[in-house]
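The file input-v9.txt comes next; it holds compact mmCIF, C-alpha atoms.
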```txt
# COMPACT_ATOMS: atom_id res chain seq x y z
CA MET P 2 -27.29 -168.20 15.47
CA LYS P 3 -28.24 -169.90 12.23
CA LEU P 4 -28.47 -173.66 11.77
CA TYR P 5 -28.27 -174.84 8.18
CA TYR P 6 -30.10 -178.16 7.90
CA SER P 7 -31.71 -180.59 5.50
CA PRO P 8 -34.91 -182.30 6.70
CA GLY P 9 -34.25 -185.68 8.32
CA ALA P 10 -30.50 -185.55 7.66
CA CYS P 11 -27.84 -185.70 10.39
CA SER P 12 -28.49 -181.98 10.99
CA LEU P 13 -31.57 -183.07 12.96
CA SER P 14 -29.14 -183.82 15.81
CA PRO P 15 -28.01 -180.18 16.39
CA HIS P 16 -31.58 -179.06 15.65
CA ILE P 17 -32.70 -181.23 18.59
CA ALA P 18 -29.81 -179.91 20.73
CA LEU P 19 -30.82 -176.29 20.06
CA HIS P 20 -34.43 -176.96 21.09
CA GLU P 21 -33.30 -178.90 24.17
CA ALA P 22 -30.95 -176.03 25.07
CA GLY P 23 -33.67 -173.40 24.65
CA LEU P 24 -31.33 -171.15 22.66
CA ALA P 25 -32.54 -168.61 20.11
CA PHE P 26 -31.67 -169.59 16.55
CA GLU P 27 -32.84 -169.44 12.97
CA ALA P 28 -33.18 -172.70 11.03
CA VAL P 29 -32.27 -172.34 7.36
CA ALA P 30 -33.15 -175.16 4.97
CA ALA P 31 -30.16 -176.20 2.86
CA PRO P 32 -31.45 -179.13 0.77
CA THR P 33 -28.66 -181.61 0.10
CA LYS P 34 -29.95 -182.33 -3.41
CA THR P 35 -30.20 -178.78 -4.79
CA HIS P 36 -27.83 -176.86 -2.46
CA LYS P 37 -30.05 -173.82 -2.96
CA LEU P 38 -31.20 -171.86 0.08
CA PRO P 39 -34.74 -170.40 0.27
CA ASP P 40 -33.41 -167.01 -0.88
CA GLY P 41 -31.64 -168.57 -3.89
CA THR P 42 -28.13 -168.48 -2.38
CA ASP P 43 -25.82 -171.30 -3.42
CA TYR P 44 -25.11 -173.21 -0.18
CA TYR P 45 -21.57 -173.99 -1.38
CA THR P 46 -20.77 -170.30 -0.80
CA ILE P 47 -21.51 -170.88 2.91
CA ASN P 48 -20.10 -174.38 3.29
CA PRO P 49 -17.69 -175.33 0.46
CA LEU P 50 -18.17 -178.99 1.46
CA GLY P 51 -21.87 -178.69 0.60
CA TYR P 52 -23.21 -180.80 3.43
CA VAL P 53 -25.11 -180.10 6.64
CA PRO P 54 -25.09 -179.22 9.47
CA LEU P 55 -23.40 -175.87 9.72
CA LEU P 56 -23.89 -173.51 12.65
CA GLU P 57 -23.22 -169.82 12.09
CA LEU P 58 -22.63 -167.94 15.33
CA ASP P 59 -23.72 -164.37 16.01
CA SER P 60 -20.07 -163.35 15.49
CA GLY P 61 -20.21 -164.75 11.94
CA GLU P 62 -17.87 -167.60 12.85
CA ARG P 63 -18.96 -170.97 11.50
CA LEU P 64 -18.81 -174.47 12.90
CA ARG P 65 -19.14 -177.59 10.78
CA GLU P 66 -19.49 -181.23 11.89
CA GLY P 67 -22.37 -182.36 14.08
CA PRO P 68 -20.40 -183.70 17.08
CA ALA P 69 -18.51 -180.39 17.41
CA ILE P 70 -21.69 -178.33 16.97
CA VAL P 71 -23.72 -180.22 19.58
CA GLN P 72 -20.93 -179.90 22.17
CA TYR P 73 -20.73 -176.17 21.48
CA ILE P 74 -24.50 -175.88 21.97
CA ALA P 75 -24.39 -177.90 25.20
CA ASP P 76 -21.57 -175.74 26.59
CA GLN P 77 -23.64 -172.57 26.11
CA VAL P 78 -26.16 -173.81 28.69
CA PRO P 79 -24.23 -175.91 31.24
CA GLN P 80 -27.20 -175.82 33.62
CA LYS P 81 -29.18 -177.98 31.15
CA ASN P 82 -26.68 -180.87 31.53
CA LEU P 83 -26.71 -181.70 27.84
CA ALA P 84 -23.01 -182.57 28.13
CA PRO P 85 -20.80 -183.27 31.15
CA ALA P 86 -18.23 -180.63 32.11
CA ASN P 87 -15.11 -180.36 29.96
CA GLY P 88 -12.11 -182.22 31.36
CA THR P 89 -14.16 -184.86 33.20
CA MET P 90 -14.12 -188.58 32.38
CA ALA P 91 -17.85 -188.30 31.73
CA ARG P 92 -17.12 -185.75 28.96
CA TYR P 93 -14.68 -188.15 27.35
CA HIS P 94 -17.36 -190.86 27.49
CA LEU P 95 -19.74 -188.46 25.73
CA GLN P 96 -17.09 -187.87 23.04
CA GLU P 97 -16.62 -191.63 22.83
CA TRP P 98 -20.34 -192.02 22.05
CA LEU P 99 -20.37 -189.13 19.56
CA THR P 100 -17.38 -190.65 17.76
CA PHE P 101 -18.89 -194.13 17.70
CA ILE P 102 -22.23 -192.85 16.39
CA GLY P 103 -20.44 -190.75 13.75
CA THR P 104 -17.97 -193.32 12.49
CA GLU P 105 -19.63 -196.68 13.10
CA LEU P 106 -23.31 -195.82 12.57
CA HIS P 107 -23.70 -192.53 10.68
CA LYS P 108 -21.01 -193.35 8.10
CA GLY P 109 -22.23 -196.95 8.05
CA PHE P 110 -25.63 -195.88 6.74
CA GLY P 111 -24.12 -193.79 3.93
CA PRO P 112 -23.72 -196.52 1.28
CA LEU P 113 -27.34 -197.62 1.81
CA PHE P 114 -28.60 -194.25 0.57
CA ASN P 115 -26.47 -194.38 -2.59
CA PRO P 116 -28.32 -195.97 -5.54
CA ALA P 117 -24.96 -196.82 -7.12
CA THR P 118 -23.88 -199.05 -4.21
CA PRO P 119 -23.81 -202.71 -5.34
CA GLU P 120 -26.41 -204.92 -3.63
CA GLU P 121 -23.73 -207.27 -2.32
CA TYR P 122 -22.01 -204.37 -0.55
CA LYS P 123 -25.36 -203.15 0.83
CA THR P 124 -25.95 -206.60 2.36
CA MET P 125 -22.52 -206.53 4.02
CA THR P 126 -23.18 -202.98 5.24
CA LYS P 127 -26.54 -203.94 6.76
CA ASP P 128 -24.97 -206.91 8.55
CA ARG P 129 -22.23 -204.69 10.03
CA LEU P 130 -24.78 -202.08 11.13
CA ALA P 131 -26.96 -204.78 12.67
CA GLN P 132 -24.02 -205.96 14.79
CA ARG P 133 -23.18 -202.42 15.92
CA LEU P 134 -26.83 -201.69 16.78
CA LYS P 135 -27.13 -204.95 18.68
CA TRP P 136 -24.20 -203.80 20.82
CA VAL P 137 -25.85 -200.39 21.37
CA ASP P 138 -29.02 -202.22 22.42
CA SER P 139 -27.03 -204.13 25.07
CA GLU P 140 -25.46 -200.88 26.31
CA LEU P 141 -28.93 -199.39 26.85
CA ALA P 142 -30.05 -202.21 29.12
CA GLY P 143 -31.09 -200.79 32.49
CA LYS P 144 -30.60 -197.12 31.69
CA PRO P 145 -32.85 -194.54 30.05
CA TYR P 146 -30.11 -192.72 28.08
CA LEU P 147 -26.64 -193.44 26.70
CA MET P 148 -24.94 -191.59 29.57
CA GLY P 149 -27.26 -192.97 32.26
CA ASP P 150 -30.18 -191.08 33.76
CA THR P 151 -29.58 -187.80 31.92
CA PHE P 152 -30.37 -186.97 28.29
CA SER P 153 -27.27 -185.71 26.46
CA VAL P 154 -26.48 -184.44 22.97
CA ALA P 155 -25.30 -187.98 22.11
CA ASP P 156 -28.89 -189.16 22.49
CA GLY P 157 -30.12 -186.66 19.92
CA TYR P 158 -27.47 -187.94 17.52
CA LEU P 159 -28.26 -191.64 18.07
CA PHE P 160 -31.99 -190.94 17.68
CA THR P 161 -31.33 -189.09 14.40
CA VAL P 162 -29.18 -191.83 12.90
CA THR P 163 -31.44 -194.71 13.94
CA ASN P 164 -34.37 -192.88 12.29
CA TRP P 165 -32.79 -193.91 9.00
CA ALA P 166 -32.98 -197.67 9.68
CA PRO P 167 -36.49 -198.31 8.27
CA ARG P 168 -35.78 -196.13 5.23
CA VAL P 169 -32.91 -198.36 4.09
CA GLY P 170 -34.11 -201.78 5.23
CA VAL P 171 -32.19 -202.15 8.50
CA ASP P 172 -34.53 -203.95 10.91
CA ILE P 173 -34.19 -202.80 14.52
CA THR P 174 -37.62 -203.96 15.70
CA GLY P 175 -36.11 -206.92 17.60
CA LEU P 176 -33.85 -204.65 19.68
CA ALA P 177 -36.10 -204.09 22.69
CA HIS P 178 -33.87 -201.66 24.64
CA LEU P 179 -33.16 -199.54 21.56
CA THR P 180 -36.83 -199.52 20.56
CA ALA P 181 -37.93 -198.37 24.04
CA TYR P 182 -35.12 -195.79 24.06
CA ARG P 183 -36.19 -194.39 20.69
CA ALA P 184 -39.77 -194.00 21.95
CA ARG P 185 -38.49 -192.27 25.11
CA VAL P 186 -36.25 -189.84 23.21
CA GLY P 187 -38.85 -189.27 20.50
CA ALA P 188 -41.42 -188.18 23.09
CA ARG P 189 -39.23 -185.37 24.46
CA PRO P 190 -40.65 -181.88 23.71
CA GLY P 191 -37.32 -180.68 22.25
CA VAL P 192 -37.16 -183.65 19.89
CA GLN P 193 -40.81 -183.21 18.90
CA ALA P 194 -40.23 -179.50 18.21
CA ALA P 195 -37.21 -180.18 15.97
CA MET P 196 -39.01 -182.92 14.05
CA LYS P 197 -42.09 -180.75 13.54
CA ALA P 198 -39.91 -177.88 12.31
CA GLU P 199 -38.39 -180.23 9.70
CA GLY P 200 -41.77 -181.60 8.63
CA LEU P 201 -40.93 -185.11 9.86
CA ILE P 202 -44.05 -185.43 12.03
```
Turn the structure described in the file into structure tokens.
Amino acid sequence: MKLYYSPGACSLSPHIALHEAGLAFEAVAAPTKTHKLPDGTDYYTINPLGYVPLLELDSGERLREGPAIVQYIADQVPQKNLAPANGTMARYHLQEWLTFIGTELHKGFGPLFNPATPEEYKTMTKDRLAQRLKWVDSELAGKPYLMGDTFSVADGYLFTVTNWAPRVGVDITGLAHLTAYRARVGARPGVQAAMKAEGLI
């Protein structure tokens, strides 16, 4: 398999999932600014949308969109418990988290990275994100991971997205449960390996 990624972007989430899963893969840098791969290939010829992540399977089939990719990865190694079994309520709760992180947090950070976003809108965006993150903090009270006692692919996604907070001026230091959670997830060998591979630590 090949994972196309850009360092520190949302593609860190499937990168973490692949390390946690212990699956063999090749990581290919696809910088979101230049869209040029290390061999000079135009990334748009691989993903016409131009963004990461993209997972290319051994069959040549391609999967876009992080939440779909991480569930695919988890389902390749069910014994690792990175996602509950398909068809269970627990799986729907995982999908609930992946959707929330994608739509309410991930997309929420987007305007803060855009230099053209008016300051007034950035302030509104930060306030909305702060409210969402405060709720996440309350959900983490009394449990080590989003789904309870077991690390799941949703945790890799939440960790990835909350990494962006200090870069765009969203203060999460007062959220004690989230802060402890981030330290716990960040210390995992799979997370460390993915971050080292992307030059983030």
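The space separating CA of Ala25 in chain P from CA of Glu57 in chain P comes to 12.4 Å.
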Range 17-21 of chain P: axis-aligned bounding box, 4 Å on each side, centre and edge lengths in Å, one decimal, as lines of an AutoDock Vina configuration file:
```
center_x = -32.1
center_y = -178.8
center_z = 21.4
size_x = 12.6
size_y = 12.9
size_z = 13.6
```
Spatial neighbours of range 171-180 of chain P, max dist 6 Å, only C-alpha atoms, sep filter under 3 positions, as a PyMOL selection string
chain P and resi 138+141-142+166-167+183
Those selected residues, please, written with C-alpha atoms and delivered as a PDB file, keeping the file's coordinate frame.
```pdb
ATOM      1  CA  ASP P 138     -29.020-202.220  22.420  1.00  0.00           C
ATOM      2  CA  LEU P 141     -28.930-199.390  26.850  1.00  0.00           C
ATOM      3  CA  ALA P 142     -30.050-202.210  29.120  1.00  0.00           C
ATOM      4  CA  ALA P 166     -32.980-197.670   9.680  1.00  0.00           C
ATOM      5  CA  PRO P 167     -36.490-198.310   8.270  1.00  0.00           C
ATOM      6  CA  ARG P 183     -36.190-194.390  20.690  1.00  0.00           C
TER       7      ARG P 183
END
```
Point-to-point distance from CA of Cys11 in chain P to CA of Gly88 in chain P, Å rounded to tenths
26.4 Å
For CA of Leu113 in chain P and CA of Lys34 in chain P, quote the distance in Å rounded to one decimal.
16.4 Å
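Within the 7 Å cut-off around Tyr52 in chain P, using all atoms listed in the file and omitting residues fewer than 2 positions from it on the same chain, the listed residues are Thr33, Leu50 and Pro54 of chain P.
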Within 12 Å of Ile102 in chain P, counting all atoms listed in the file, which residues show up once you throw out same-chain ones fewer than 4 positions away? Write them as a list of chain:residue names, please.
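In the requested form, the answer reads P:Cys11, P:Ser14, P:Gly67, P:Pro68, P:Leu95, P:Gln96, P:Glu97, P:Trp98, P:Leu106, P:His107, P:Lys108, P:Gly109, P:Phe110, P:Leu130, P:Arg133, P:Leu134, P:Trp136, P:Val137, P:Leu147, P:Val154, P:Ala155, P:Asp156, P:Gly157, P:Tyr158, P:Leu159, P:Phe160, P:Thr161, P:Val162, P:Thr163.
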So which residues fall inside 6 Å of (-22.6, -169.6, 17.9) if we count only C-alpha atoms? Mind giving them as a CSV table (one decimal) with C-alpha atoms, keeping the file's coordinate frame?
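Now in point36.csv:
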```
chain,number,residue,atom,x,y,z
P,2,MET,CA,-27.3,-168.2,15.5
P,57,GLU,CA,-23.2,-169.8,12.1
P,58,LEU,CA,-22.6,-167.9,15.3
P,59,ASP,CA,-23.7,-164.4,16.0
```
Residue nearest Tyr45 in chain P among P:Ser12, P:Glu66, P:Ala195, P:Tyr5 (counting all atoms listed in the file)
P:Tyr5
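Between Ala86 in chain P and the residues P:Lys135, P:Arg168, P:Arg185, P:Ser153, the shortest atom-to-atom distance, using all atoms listed in the file, involves P:Ser153.
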Closest to Val71 in chain P among P:Lys3, P:Lys197, P:Arg189, P:His16, using only C-alpha atoms?
P:His16
